[in-house]
file start.csv (CSV, C-alpha atoms)
chain,number,residue,atom,x,y,z
A,1,MET,CA,-14.6,-8.3,47.7
A,2,LYS,CA,-13.0,-11.1,45.8
A,3,LYS,CA,-15.6,-10.9,43.1
A,4,TYR,CA,-14.9,-7.2,42.7
A,5,LEU,CA,-11.2,-7.8,42.5
A,6,ILE,CA,-11.6,-10.6,39.9
A,7,ALA,CA,-13.9,-8.5,37.8
A,8,ALA,CA,-11.4,-5.6,37.9
A,9,VAL,CA,-8.5,-7.9,36.8
A,10,LEU,CA,-10.6,-9.4,34.0
A,11,ALA,CA,-11.6,-5.9,32.9
A,12,GLY,CA,-7.9,-4.9,32.9
A,13,ILE,CA,-7.1,-7.9,30.7
A,14,SER,CA,-9.9,-7.1,28.3
A,15,VAL,CA,-8.8,-3.5,28.0
A,16,SER,CA,-5.1,-4.6,27.4
A,17,ALA,CA,-6.1,-7.1,24.8
A,18,SER,CA,-8.3,-4.6,22.9
A,19,ALA,CA,-5.5,-2.1,23.0
A,20,VAL,CA,-3.4,-4.2,20.6
A,21,GLU,CA,-3.4,-2.3,17.4
A,22,THR,CA,-4.4,-4.1,14.2
A,23,ILE,CA,-3.0,-2.8,11.0
A,24,ARG,CA,-5.0,-3.7,7.9
A,25,PHE,CA,-2.6,-4.1,4.9
A,26,ALA,CA,-3.8,-4.3,1.3
A,27,THR,CA,-1.6,-5.7,-1.5
A,28,GLU,CA,-1.8,-7.1,-5.0
A,29,ALA,CA,-0.4,-10.6,-4.8
A,30,SER,CA,0.7,-11.4,-8.3
A,31,CYS,CA,4.3,-10.0,-8.3
A,32,PRO,CA,6.8,-12.5,-6.9
A,33,PRO,CA,9.1,-12.1,-5.1
A,34,PHE,CA,7.3,-9.1,-3.5
A,35,GLU,CA,3.9,-10.7,-3.0
A,36,PHE,CA,2.2,-13.8,-4.4
A,37,ILE,CA,-0.2,-16.6,-3.5
A,38,ASP,CA,1.6,-19.9,-2.9
A,39,ALA,CA,0.4,-23.5,-3.6
A,40,SER,CA,-1.3,-23.6,-0.2
A,41,ASN,CA,-3.3,-20.4,-1.1
A,42,LYS,CA,-1.3,-18.4,1.4
A,43,MET,CA,0.1,-14.9,0.8
A,44,GLN,CA,3.9,-14.9,0.7
A,45,GLY,CA,6.8,-12.7,-0.4
A,46,PHE,CA,9.3,-10.1,0.6
A,47,ASP,CA,6.7,-7.4,1.2
A,48,ILE,CA,4.6,-9.7,3.3
A,49,ASP,CA,7.6,-10.8,5.5
A,50,VAL,CA,8.7,-7.2,6.0
A,51,ALA,CA,5.2,-6.1,6.9
A,52,LYS,CA,5.0,-8.9,9.5
A,53,VAL,CA,8.3,-8.0,11.2
A,54,LEU,CA,7.3,-4.4,11.2
A,55,CYS,CA,4.1,-5.2,13.0
A,56,GLN,CA,6.0,-7.4,15.4
A,57,GLU,CA,8.4,-4.5,16.1
A,58,MET,CA,5.4,-2.2,16.7
A,59,GLN,CA,3.7,-4.8,18.9
A,60,ALA,CA,0.7,-4.8,16.5
A,61,GLU,CA,-1.3,-7.4,14.7
A,62,CYS,CA,-1.5,-7.3,10.9
A,63,THR,CA,-4.0,-8.6,8.3
A,64,PHE,CA,-3.7,-8.7,4.6
A,65,THR,CA,-6.2,-8.2,1.8
A,66,ASN,CA,-5.6,-9.0,-1.9
A,67,GLN,CA,-6.8,-6.2,-4.1
A,68,ALA,CA,-6.5,-5.2,-7.8
A,69,PHE,CA,-3.5,-2.8,-8.0
A,70,ASP,CA,-5.5,0.1,-9.4
A,71,SER,CA,-7.9,-0.1,-6.5
A,72,LEU,CA,-5.2,0.2,-3.8
A,73,ILE,CA,-4.8,3.9,-3.4
A,74,PRO,CA,-8.5,4.7,-3.9
A,75,GLY,CA,-9.3,2.1,-1.2
A,76,LEU,CA,-6.7,3.6,1.1
A,77,LYS,CA,-8.2,7.1,0.7
A,78,PHE,CA,-11.7,5.7,1.6
A,79,ARG,CA,-10.1,4.0,4.7
A,80,ARG,CA,-10.9,0.5,3.7
A,81,PHE,CA,-7.5,-0.4,5.0
A,82,ASP,CA,-4.7,1.3,6.9
A,83,ALA,CA,-1.6,0.6,4.7
A,84,VAL,CA,-0.7,-0.4,1.2
A,85,MET,CA,2.4,-2.5,0.6
A,86,ALA,CA,2.5,-3.8,-2.9
A,87,GLY,CA,5.7,-2.6,-4.6
A,88,VAL,CA,4.3,1.0,-4.7
A,89,ASP,CA,6.8,3.5,-6.1
A,90,ILE,CA,7.1,6.8,-4.2
A,91,THR,CA,6.3,9.4,-6.9
A,92,PRO,CA,5.5,13.1,-6.7
A,93,GLU,CA,2.0,12.5,-8.1
A,94,ARG,CA,1.2,9.8,-5.5
A,95,GLU,CA,2.6,12.0,-2.7
A,96,LYS,CA,-0.3,14.4,-3.4
A,97,GLN,CA,-2.8,11.6,-2.7
A,98,VAL,CA,-1.2,9.5,0.1
A,99,LEU,CA,1.4,9.6,2.8
A,100,PHE,CA,4.5,7.4,2.4
A,101,THR,CA,6.9,5.9,4.9
A,102,LYS,CA,10.6,6.0,4.3
A,103,LEU,CA,11.6,3.9,1.3
A,104,TYR,CA,12.2,0.3,2.1
A,105,PHE,CA,13.4,-0.8,-1.3
A,106,SER,CA,15.4,0.9,-4.1
A,107,ASN,CA,13.7,0.3,-7.4
A,108,SER,CA,14.1,0.4,-11.2
A,109,ALA,CA,12.1,-0.9,-14.1
A,110,LEU,CA,13.0,-3.1,-17.1
A,111,PHE,CA,11.5,-4.4,-20.4
A,112,ILE,CA,11.2,-8.1,-21.1
A,113,ALA,CA,10.5,-9.9,-24.4
A,114,LEU,CA,10.8,-13.3,-26.1
A,115,LYS,CA,14.5,-14.1,-26.4
A,116,GLY,CA,15.9,-12.8,-29.7
A,117,SER,CA,12.8,-10.9,-30.7
A,118,LEU,CA,14.0,-7.4,-29.9
A,119,ALA,CA,17.6,-6.3,-30.2
A,120,ASP,CA,17.4,-3.3,-27.9
A,121,GLY,CA,15.2,-0.5,-26.4
A,122,ALA,CA,15.0,1.3,-29.7
A,123,ALA,CA,13.3,-1.7,-31.2
A,124,LEU,CA,10.3,-1.1,-29.0
A,125,LYS,CA,9.1,1.7,-31.1
A,126,GLY,CA,5.7,0.9,-32.6
A,127,LYS,CA,5.4,-2.3,-30.5
A,128,LYS,CA,2.7,-3.4,-28.0
A,129,VAL,CA,4.0,-3.5,-24.4
A,130,GLY,CA,2.0,-5.0,-21.6
A,131,VAL,CA,1.8,-3.2,-18.2
A,132,GLN,CA,-0.2,-3.5,-15.1
A,133,ASN,CA,-3.1,-1.1,-14.9
A,134,GLY,CA,-2.6,1.8,-12.5
A,135,THR,CA,1.2,1.4,-12.2
A,136,THR,CA,3.9,3.9,-12.7
A,137,HIS,CA,5.1,1.7,-15.6
A,138,GLN,CA,1.9,2.5,-17.4
A,139,LYS,CA,2.2,6.2,-16.7
A,140,TYR,CA,5.9,6.3,-17.6
A,141,LEU,CA,5.2,4.8,-21.1
A,142,ALA,CA,2.2,7.1,-21.7
A,143,ASP,CA,4.2,10.2,-20.7
A,144,LYS,CA,7.6,9.4,-22.1
A,145,HIS,CA,7.1,6.9,-24.9
A,146,PRO,CA,3.9,7.6,-26.9
A,147,GLU,CA,5.6,5.8,-29.8
A,148,ILE,CA,4.9,2.6,-27.8
A,149,THR,CA,1.4,1.1,-27.7
A,150,THR,CA,0.6,0.4,-24.0
A,151,VAL,CA,-1.6,-2.6,-23.3
A,152,PRO,CA,-3.0,-2.5,-19.7
A,153,TYR,CA,-3.6,-5.8,-17.7
A,154,ASP,CA,-5.2,-6.5,-14.4
A,155,SER,CA,-2.2,-8.5,-13.4
A,156,TYR,CA,1.3,-9.1,-14.7
A,157,GLN,CA,0.6,-12.8,-14.8
A,158,ASN,CA,-1.9,-12.2,-17.7
A,159,ALA,CA,0.6,-9.9,-19.4
A,160,ILE,CA,3.3,-12.5,-19.4
A,161,LEU,CA,0.9,-15.1,-20.7
A,162,ASP,CA,0.0,-12.9,-23.6
A,163,LEU,CA,3.7,-12.2,-24.2
A,164,LYS,CA,4.4,-15.9,-24.5
A,165,ASN,CA,1.4,-16.3,-26.9
A,166,GLY,CA,2.5,-13.4,-29.1
A,167,ARG,CA,-0.3,-11.0,-28.3
A,168,VAL,CA,2.1,-8.3,-27.0
A,169,ASP,CA,5.7,-7.8,-28.0
A,170,ALA,CA,7.1,-7.0,-24.5
A,171,VAL,CA,6.2,-6.4,-20.9
A,172,PHE,CA,7.4,-3.5,-18.7
A,173,GLY,CA,7.7,-4.0,-14.9
A,174,ASP,CA,9.8,-3.8,-11.8
A,175,THR,CA,13.4,-5.0,-12.3
A,176,ALA,CA,13.2,-7.4,-9.3
A,177,VAL,CA,10.0,-8.9,-10.6
A,178,ILE,CA,11.4,-9.2,-14.2
A,179,ASN,CA,14.5,-11.0,-12.8
A,180,GLU,CA,12.2,-13.5,-11.1
A,181,TRP,CA,10.4,-14.1,-14.4
A,182,LEU,CA,13.8,-14.6,-16.2
A,183,LYS,CA,14.7,-17.3,-13.6
A,184,GLN,CA,11.5,-19.2,-14.4
A,185,ASN,CA,11.3,-18.7,-18.1
A,186,ALA,CA,14.3,-19.6,-20.3
A,187,GLY,CA,12.6,-18.2,-23.4
A,188,LEU,CA,12.4,-14.7,-22.1
A,189,ALA,CA,15.1,-12.0,-22.0
A,190,ALA,CA,15.6,-8.5,-20.7
A,191,VAL,CA,15.5,-5.7,-23.3
A,192,GLY,CA,17.6,-2.5,-23.0
A,193,ASP,CA,18.9,-0.9,-19.9
A,194,LYS,CA,17.2,-0.4,-16.5
A,195,VAL,CA,14.9,2.6,-16.2
A,196,THR,CA,15.6,4.7,-13.1
A,197,ASP,CA,13.7,8.0,-13.8
A,198,LYS,CA,13.3,9.5,-10.3
A,199,ASP,CA,9.8,10.8,-11.1
A,200,TYR,CA,8.6,7.3,-11.7
A,201,PHE,CA,11.0,4.7,-10.3
A,202,GLY,CA,14.2,6.2,-8.9
A,203,THR,CA,12.9,7.2,-5.5
A,204,GLY,CA,12.1,3.6,-4.4
A,205,LEU,CA,9.2,1.7,-2.8
A,206,GLY,CA,7.4,2.8,0.3
A,207,ILE,CA,4.4,1.9,2.4
A,208,ALA,CA,1.4,4.1,1.5
A,209,LEU,CA,-0.8,5.5,4.3
A,210,GLY,CA,-3.7,7.9,4.6
A,211,GLN,CA,-2.6,11.5,4.2
A,212,LYS,CA,-3.4,12.4,7.8
A,213,ASN,CA,-2.0,9.2,9.4
A,214,THR,CA,1.3,10.8,10.5
A,215,GLU,CA,1.2,8.8,13.8
A,216,LEU,CA,1.3,5.4,11.9
A,217,GLN,CA,3.9,6.8,9.6
A,218,GLY,CA,6.2,7.6,12.5
A,219,LYS,CA,5.7,4.1,14.0
A,220,PHE,CA,6.5,2.5,10.6
A,221,ASN,CA,9.6,4.7,10.1
A,222,ALA,CA,11.0,3.9,13.6
A,223,ALA,CA,10.3,0.1,13.0
A,224,LEU,CA,12.0,0.3,9.6
A,225,ASP,CA,15.1,1.9,11.1
A,226,LYS,CA,15.2,-0.8,13.8
A,227,ILE,CA,15.0,-3.8,11.4
A,228,LYS,CA,17.6,-2.3,9.2
A,229,GLN,CA,19.9,-1.8,12.1
A,230,ASP,CA,19.5,-5.2,13.7
A,231,GLY,CA,20.0,-7.3,10.5
A,232,THR,CA,16.4,-8.4,10.1
A,233,TYR,CA,15.9,-6.5,6.9
A,234,ALA,CA,19.2,-7.8,5.4
A,235,ALA,CA,18.1,-11.4,6.2
A,236,LEU,CA,14.8,-11.0,4.5
A,237,TYR,CA,16.5,-9.3,1.5
A,238,LYS,CA,18.9,-12.3,1.2
A,239,LYS,CA,16.0,-14.8,1.5
A,240,TRP,CA,14.0,-13.3,-1.4
A,241,PHE,CA,16.6,-11.7,-3.7
A,242,GLN,CA,19.9,-13.5,-3.3
A,243,GLN,CA,19.1,-17.2,-3.3

call {"tool": "encode", "arguments": {"input": "start.csv", "output": "structure tokens"}}
result
Amino acid sequence: MKKYLIAAVLAGISVSASAVETIRFATEASCPPFEFIDASNKMQGFDIDVAKVLCQEMQAECTFTNQAFDSLIPGLKFRRFDAVMAGVDITPEREKQVLFTKLYFSNSALFIALKGSLADGAALKGKKVGVQNGTTHQKYLADKHPEITTVPYDSYQNAILDLKNGRVDAVFGDTAVINEWLKQNAGLAAVGDKVTDKDYFGTGLGIALGQKNTELQGKFNAALDKIKQDGTYAALYKKWFQQ
């Protein structure tokens, strides 16, 4: 009888352990302070920390995969991962392809150039501007500013390197990311005003999910509400954006 009881208990433990949900996140870790690879080759950043506390709140485990930005939504649609958290703007076009959680970060965009090289936004006409391939920044310039030559890059790190070497005249990216570059590069300066066009940047950032994954969307939204109410979100925001 004892053998049967022990077997039943072990079976129960096994079922309980296997019942812990694992959420597979994909990101593109070259945009500090949102996500980046540190000196120890570990993924760090605001998005990573928020994802971890959301998983903790949902009593789930989470894993992270580093992918090229333009492969994130296609990979999500093919179910290679469960969620994308990579500074993804919630746009009407993307909402046709994926499901989004509530926004977790209000967003805008900004141009950056070598200090003193461009007087204002009007000076960008006819210039070469680096963007990350597959981003709303790339689409915004193509749709709204055909007078600007858009130069796509696999990562913003390479775009900034070419900016410093004079291969492009400016780079266009998320304001929070631009501000991080400005802290680290005294020779760079913001150009013009922030761009907040709601069709591209004004809605904010959300976690992207498969179109039919409404159950996971509900769990994320409830967890987001919780961490905003209990101060956890504010603490992470201060850690990454107000130091």

call {"tool": "residues_around", "arguments": {"input": "start.csv", "residues": "A:Val191", "least_positions_apart": "2", "cutoff": "7 Å", "atoms": "all atoms listed in the file", "output": "PDB file with C-alpha atoms, in the coordinates of the input"}}
result
ATOM      1  CA  PHE A 111      11.500  -4.400 -20.400  1.00  0.00           C
ATOM      2  CA  ILE A 112      11.200  -8.100 -21.100  1.00  0.00           C
ATOM      3  CA  ALA A 113      10.500  -9.900 -24.400  1.00  0.00           C
ATOM      4  CA  LEU A 118      14.000  -7.400 -29.900  1.00  0.00           C
ATOM      5  CA  ASP A 120      17.400  -3.300 -27.900  1.00  0.00           C
ATOM      6  CA  GLY A 121      15.200  -0.500 -26.400  1.00  0.00           C
ATOM      7  CA  ALA A 189      15.100 -12.000 -22.000  1.00  0.00           C
ATOM      8  CA  ASP A 193      18.900  -0.900 -19.900  1.00  0.00           C
TER       9      ASP A 193
END

call {"tool": "residues_around", "arguments": {"input": "start.csv", "residues": "A:Lys198", "least_positions_apart": "6", "cutoff": "12 Å", "atoms": "all atoms listed in the file", "output": "VMD selection string"}}
result
chain A and resid 89 to 93 106 to 109 136 140 204 to 205

call {"tool": "atom_distance", "arguments": {"input": "start.csv", "atom1": "atom CA of A:Lys164", "atom2": "atom CA of A:Ala86"}}
result
24.8 Å

call {"tool": "atom_distance", "arguments": {"input": "start.csv", "atom1": "atom CA of A:Ala83", "atom2": "atom CA of A:Leu209"}}
result
5.0 Å

call {"tool": "atom_distance", "arguments": {"input": "start.csv", "atom1": "atom CA of A:Lys127", "atom2": "atom CA of A:Asn165"}}
result
15.0 Å

call {"tool": "closest_residue", "arguments": {"input": "start.csv", "among": "A:Phe78, A:Phe220, A:Phe69, A:Tyr104", "to": "A:Asp47", "atoms": "only C-alpha atoms"}}
result
A:Tyr104

call {"tool": "residues_near_point", "arguments": {"input": "start.csv", "point": "(-9.5, -7.4, -0.3)", "cutoff": "10 Å", "atoms": "all atoms listed in the file", "output": "MDAnalysis selection string"}}
result
chainID A and resid 25:28 64:68 71:72 75 80:81

call {"tool": "residues_around", "arguments": {"input": "start.csv", "residues": "A:Val98", "least_positions_apart": "4", "cutoff": "9 Å", "atoms": "all atoms listed in the file", "output": "list in words"}}
result
Ile73, Leu76, Lys77, Arg94, Ala208, Leu209, Gly210, Gln211 and Lys212 of chain A

call {"tool": "write_last_selection", "arguments": {"input": "start.csv", "atoms": "C-alpha atoms", "output": "tab-separated table (two decimals), keeping the file's coordinate frame"}}
result
chain	number	residue	atom	x	y	z
A	73	ILE	CA	-4.80	3.90	-3.40
A	76	LEU	CA	-6.70	3.60	1.10
A	77	LYS	CA	-8.20	7.10	0.70
A	94	ARG	CA	1.20	9.80	-5.50
A	208	ALA	CA	1.40	4.10	1.50
A	209	LEU	CA	-0.80	5.50	4.30
A	210	GLY	CA	-3.70	7.90	4.60
A	211	GLN	CA	-2.60	11.50	4.20
A	212	LYS	CA	-3.40	12.40	7.80

call {"tool": "residues_near_point", "arguments": {"input": "start.csv", "point": "(12.0, -6.2, -16.5)", "cutoff": "8 Å", "atoms": "all atoms listed in the file", "output": "PyMOL selection string"}}
result
chain A and resi 109-112+171-179+190-191+194
